[in-house]
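Undergrad: Contents of work-v8.tsv (TSV, C-alpha atoms) are given next:
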chain	number	residue	atom	x	y	z
Z	9	MET	CA	-1.57	24.97	-7.53
Z	10	GLU	CA	-1.47	21.57	-5.86
Z	11	GLU	CA	1.08	19.05	-7.00
Z	12	HIS	CA	0.65	15.27	-7.11
Z	13	ILE	CA	2.13	13.38	-4.14
Z	14	SER	CA	2.91	9.69	-3.83
Z	15	ILE	CA	5.08	7.49	-1.67
Z	16	GLU	CA	7.04	5.03	-3.78
Z	17	LEU	CA	7.84	1.79	-2.02
Z	18	THR	CA	9.57	-0.99	-3.96
Z	19	ILE	CA	8.17	-4.22	-2.55
Z	20	ASP	CA	10.79	-6.38	-4.30
Z	21	SER	CA	13.55	-4.46	-2.51
Z	22	LEU	CA	12.43	-5.49	0.99
Z	23	THR	CA	14.90	-7.46	3.11
Z	24	TYR	CA	14.58	-8.57	6.72
Z	25	ASP	CA	17.27	-9.16	9.29
Z	26	THR	CA	16.56	-7.35	12.56
Z	27	HIS	CA	14.77	-4.55	10.69
Z	28	ILE	CA	12.95	-4.44	7.37
Z	29	ILE	CA	14.91	-2.41	4.85
Z	30	GLY	CA	13.77	-1.36	1.39
Z	31	THR	CA	13.59	1.50	-1.08
Z	32	ILE	CA	11.17	4.28	-0.24
Z	33	ALA	CA	10.82	7.89	-1.37
Z	34	PHE	CA	8.45	10.81	-1.68
Z	35	VAL	CA	7.51	11.50	-5.31
Z	36	ILE	CA	6.18	14.85	-6.47
Z	37	ASP	CA	4.42	15.10	-9.84
Z	38	PHE	CA	5.44	11.54	-10.82
Z	39	HIS	CA	9.12	12.36	-11.41
Z	40	ASP	CA	10.69	14.37	-8.60
Z	41	TYR	CA	12.00	11.86	-6.01
Z	42	PHE	CA	13.18	12.71	-2.51
Z	43	PRO	CA	15.68	11.67	-1.30
Z	44	GLY	CA	16.10	9.94	-4.65
Z	45	GLN	CA	15.18	6.86	-6.65
Z	46	GLY	CA	16.61	3.80	-4.99
Z	47	TRP	CA	16.87	5.38	-1.52
Z	48	SER	CA	17.00	2.55	1.01
Z	49	ASP	CA	15.79	2.94	4.59
Z	50	PHE	CA	14.13	1.22	7.56
Z	51	VAL	CA	10.66	1.06	6.02
Z	52	ALA	CA	8.48	0.10	9.00
Z	53	ILE	CA	10.12	2.70	11.23
Z	54	VAL	CA	9.95	5.63	8.79
Z	55	LEU	CA	6.41	4.81	7.70
Z	56	LYS	CA	5.33	4.80	11.37
Z	57	TRP	CA	6.94	8.22	11.88
Z	58	TRP	CA	5.31	9.57	8.71
Z	59	VAL	CA	1.87	8.18	9.59
Z	60	ASP	CA	2.13	9.79	13.05
Z	61	SER	CA	3.16	13.15	11.52
Z	62	CYS	CA	0.35	13.01	8.97
Z	63	ARG	CA	-2.22	12.26	11.65
Z	64	ALA	CA	-0.93	15.22	13.68
Z	65	LEU	CA	-1.26	17.44	10.58
Z	66	VAL	CA	-4.90	16.42	10.13
Z	67	TYR	CA	-5.73	17.91	13.54
Z	68	ALA	CA	-3.13	20.70	13.57
Z	69	PRO	CA	-3.95	24.40	13.42
Z	70	LEU	CA	-2.74	26.39	10.43
Z	71	ASN	CA	1.00	27.02	10.16
Z	72	GLU	CA	1.95	24.03	12.33
Z	73	THR	CA	4.89	22.04	10.95
Z	74	TYR	CA	5.68	18.35	11.37
Z	75	PRO	CA	8.74	16.39	10.23
Z	76	PHE	CA	8.65	13.37	7.94
Z	77	GLN	CA	12.09	12.03	8.82
Z	78	PHE	CA	14.29	9.35	7.34
Z	79	MET	CA	16.33	6.99	9.52
Z	80	ASP	CA	19.44	7.05	7.35
Z	81	GLY	CA	21.08	10.32	6.55
Z	82	PRO	CA	20.30	13.87	7.65
Z	83	LEU	CA	17.14	14.03	5.55
Z	84	CYS	CA	13.67	15.31	6.30
Z	85	VAL	CA	10.51	16.46	4.60
Z	86	SER	CA	9.04	19.31	6.60
Z	87	ALA	CA	5.26	19.55	6.25
Z	88	LYS	CA	3.51	22.81	7.08
Z	89	LYS	CA	-0.27	23.07	7.14
Z	90	VAL	CA	-0.93	26.17	5.02
Z	91	THR	CA	-4.71	25.86	4.61
Z	92	VAL	CA	-7.33	23.51	6.02
Z	93	THR	CA	-6.80	21.22	3.00
Z	94	GLU	CA	-3.22	21.94	1.86
Z	95	VAL	CA	0.28	21.22	3.10
Z	96	GLU	CA	3.58	22.75	1.99
Z	97	LEU	CA	6.36	20.17	1.80
Z	98	THR	CA	9.95	21.38	2.09
Z	99	PHE	CA	12.71	18.89	1.28
Z	100	VAL	CA	15.76	19.23	3.53
Z	101	GLU	CA	19.15	17.52	3.29
Z	102	ASP	CA	22.00	18.36	5.69
Z	103	GLY	CA	19.99	21.34	6.95
Z	104	GLN	CA	19.70	22.82	3.43
Z	105	VAL	CA	16.54	23.03	1.33
Z	106	LYS	CA	17.08	20.55	-1.53
Z	107	ASN	CA	14.18	21.13	-3.95
Z	108	LYS	CA	11.55	23.81	-4.34
Z	109	PRO	CA	8.68	23.40	-1.84
Z	110	ALA	CA	5.60	21.56	-3.05
Z	111	ILE	CA	1.98	22.34	-2.19
Z	112	VAL	CA	-0.03	19.12	-1.89
Z	113	SER	CA	-3.47	18.17	-0.72
Z	114	LEU	CA	-3.48	16.94	2.88
Z	115	GLU	CA	-5.99	14.28	1.83
Z	116	ASP	CA	-3.69	13.15	-1.01
Z	117	LEU	CA	-0.74	12.93	1.39
Z	118	LYS	CA	-2.84	10.89	3.79
Z	119	THR	CA	-4.05	8.61	0.98
Z	120	ALA	CA	-0.48	8.10	-0.32
Z	121	LEU	CA	0.73	7.12	3.14
Z	122	ILE	CA	-2.17	4.73	3.74
Z	123	LYS	CA	-1.62	3.10	0.34
Z	124	ALA	CA	2.15	2.64	0.82
Z	125	THR	CA	1.64	1.36	4.37
Z	126	ARG	CA	-0.98	-1.16	3.31
Z	127	GLN	CA	1.24	-2.39	0.46
Z	128	PHE	CA	4.11	-2.77	2.90
Z	129	ILE	CA	2.06	-4.59	5.56
Z	130	ASN	CA	0.56	-6.93	2.94
Z	131	ALA	CA	4.05	-7.76	1.60
Z	132	VAL	CA	5.39	-8.38	5.11
Z	133	ASP	CA	2.40	-10.58	5.96
Z	134	ARG	CA	2.86	-12.62	2.76
Z	135	ARG	CA	6.47	-13.23	3.75
Z	136	GLY	CA	5.53	-14.14	7.34
Z	137	TRP	CA	7.77	-11.42	8.81
Z	138	ARG	CA	6.87	-10.17	12.28
Z	139	ASN	CA	8.44	-7.57	14.55
Z	140	GLU	CA	7.45	-4.75	16.92
Z	141	ASP	CA	7.97	-2.06	14.26
Z	142	VAL	CA	5.43	-3.66	11.93
Z	143	GLU	CA	2.90	-4.08	14.74
Z	144	ALA	CA	3.30	-0.43	15.79
Z	145	LEU	CA	2.82	0.62	12.16
Z	146	ARG	CA	-0.27	-1.58	11.85
Z	147	HIS	CA	-1.91	0.25	14.80
Z	148	ALA	CA	-0.77	3.70	13.66
Z	149	VAL	CA	-2.22	3.36	10.16
Z	150	LYS	CA	-5.60	2.31	11.63
Z	151	ALA	CA	-5.63	5.56	13.59
Z	152	LEU	CA	-4.75	7.55	10.44
Z	153	VAL	CA	-7.54	5.86	8.44
Z	154	ALA	CA	-10.00	6.79	11.20
Z	155	SER	CA	-8.90	10.45	11.26
Go through the file and emit its structure as structure tokens.

TA:
Amino acid sequence: MEEHISIELTIDSLTYDTHIIGTIAFVIDFHDYFPGQGWSDFVAIVLKWWVDSCRALVYAPLNETYPFQFMDGPLCVSAKKVTVTEVELTFVEDGQVKNKPAIVSLEDLKTALIKATRQFINAVDRRGWRNEDVEALRHAVKALVAS
């Protein structure tokens, strides 16, 4: 049975020095956060990595696995394409599986990433923040939307 997937990004948490930092997490079934509620990371960078991994999953053969990494900490969500439309997410911390794996729709994962990325880019644009990471993310999400 497929579980609900979302990417929670707290827009009010965003700060900008040389990189844009804010709270971001995977959320399964509306309550199971990974790495946890309030996890802070380099948002533009990790979203770009995740968008690239998701796009690769769209075109991947069955049983291919792609990482959805975090910049801070030894954390990763490993995504394995188990059917044409489903992905198994395994949550890994320090090389150990943290939570039970989740089966999610590939389309729902893609939609969650596009939504979080658009929210992020809109917030950055409203603040007038510009850097290479945001521009790379802007191009990557266009490619994901087209896939």

Undergrad: Need the shell around Z:Thr125: protein/DNA/RNA residues with any atom at most 9 Å away, counting only C-alpha atoms. Skip same-chain ones fewer than 5 positions apart. Format as a ChimeraX atom specification?

TA: /Z:17,52,55-56,59,120,130,145-146,149

Undergrad: Report, in Å to a single decimal, how far apart atom CA of Z:Val132 and atom CA of Z:Thr18 are.

TA: 12.4 Å

Undergrad: If you count all atoms listed in the file, which residues fall within 9 Å of Z:Lys88, apart from same-chain ones fewer than 2 positions away, as a PDB file with C-alpha atoms, keeping the file's coordinate frame?

TA:
ATOM      1  CA  LEU Z  65      -1.260  17.440  10.580  1.00  0.00           C
ATOM      2  CA  LEU Z  70      -2.740  26.390  10.430  1.00  0.00           C
ATOM      3  CA  ASN Z  71       1.000  27.020  10.160  1.00  0.00           C
ATOM      4  CA  GLU Z  72       1.950  24.030  12.330  1.00  0.00           C
ATOM      5  CA  THR Z  73       4.890  22.040  10.950  1.00  0.00           C
ATOM      6  CA  TYR Z  74       5.680  18.350  11.370  1.00  0.00           C
ATOM      7  CA  PRO Z  75       8.740  16.390  10.230  1.00  0.00           C
ATOM      8  CA  SER Z  86       9.040  19.310   6.600  1.00  0.00           C
ATOM      9  CA  VAL Z  90      -0.930  26.170   5.020  1.00  0.00           C
ATOM     10  CA  GLU Z  94      -3.220  21.940   1.860  1.00  0.00           C
ATOM     11  CA  VAL Z  95       0.280  21.220   3.100  1.00  0.00           C
ATOM     12  CA  GLU Z  96       3.580  22.750   1.990  1.00  0.00           C
ATOM     13  CA  LEU Z  97       6.360  20.170   1.800  1.00  0.00           C
ATOM     14  CA  THR Z  98       9.950  21.380   2.090  1.00  0.00           C
TER      15      THR Z  98
END

Undergrad: Which residues are near Z:Arg135? Cut-off 12 Å, all atoms listed in the file, ignore same chain within fewer than 6 positions. Put them as a list in words.

TA: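 Here the qualifying residues turn out to be Ile19, Asp20, Leu22, Thr23, Tyr24, Ile28, Phe128 and Ile129 of chain Z.
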
Undergrad: When you draw a straight line from atom CA of Z:Asp37 to atom CA of Z:Val142, how long is it in Å?

TA: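 So the two atoms, atom CA of Z:Asp37 and atom CA of Z:Val142, lie 28.8 Å apart.
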
Undergrad: Please determine, counting only C-alpha atoms, which residue among Z:Asp80, Z:Val112, Z:Phe99, Z:Ala124 has the shortest atom-to-atom distance to Z:Glu16.

TA: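 Checking each of Z:Asp80, Z:Val112, Z:Phe99, Z:Ala124 against Z:Glu16, counting only C-alpha atoms, the winner is Z:Ala124.
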
Undergrad: Any idea what the distance is between atom CA of Z:Ala110 and atom CA of Z:Val85?

TA: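 Separating atom CA of Z:Ala110 from atom CA of Z:Val85 is a distance of 10.4 Å.
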
Undergrad: Select, counting only C-alpha atoms, all protein, DNA and RNA residues no farther than 9 Å from (13.7, -8.0, 11.7) in file coordinates, and express the selection as an mmCIF file with C-alpha atoms, in the coordinates of the input.

TA:
data_model
loop_
_atom_site.group_PDB
_atom_site.id
_atom_site.type_symbol
_atom_site.label_atom_id
_atom_site.label_comp_id
_atom_site.auth_asym_id
_atom_site.auth_seq_id
_atom_site.Cartn_x
_atom_site.Cartn_y
_atom_site.Cartn_z
ATOM 1 C CA THR Z 23 14.900 -7.460 3.110
ATOM 2 C CA TYR Z 24 14.580 -8.570 6.720
ATOM 3 C CA ASP Z 25 17.270 -9.160 9.290
ATOM 4 C CA THR Z 26 16.560 -7.350 12.560
ATOM 5 C CA HIS Z 27 14.770 -4.550 10.690
ATOM 6 C CA ILE Z 28 12.950 -4.440 7.370
ATOM 7 C CA ILE Z 29 14.910 -2.410 4.850
ATOM 8 C CA TRP Z 137 7.770 -11.420 8.810
ATOM 9 C CA ARG Z 138 6.870 -10.170 12.280
ATOM 10 C CA ASN Z 139 8.440 -7.570 14.550
ATOM 11 C CA GLU Z 140 7.450 -4.750 16.920
ATOM 12 C CA ASP Z 141 7.970 -2.060 14.260
#

Undergrad: Using all atoms listed in the file, which residues sit within 7 Å of Z:Val54 once same-chain residues fewer than 4 positions away are excluded, as a list in words?

TA: Phe50, Trp58, Gln77, Phe78 and Met79 of chain Z

Undergrad: May I ask which of the residues Z:Val105, Z:Val153, Z:Ile122, Z:Ala148 is the closest one to Z:Trp57, counting only C-alpha atoms?

TA: Z:Ala148
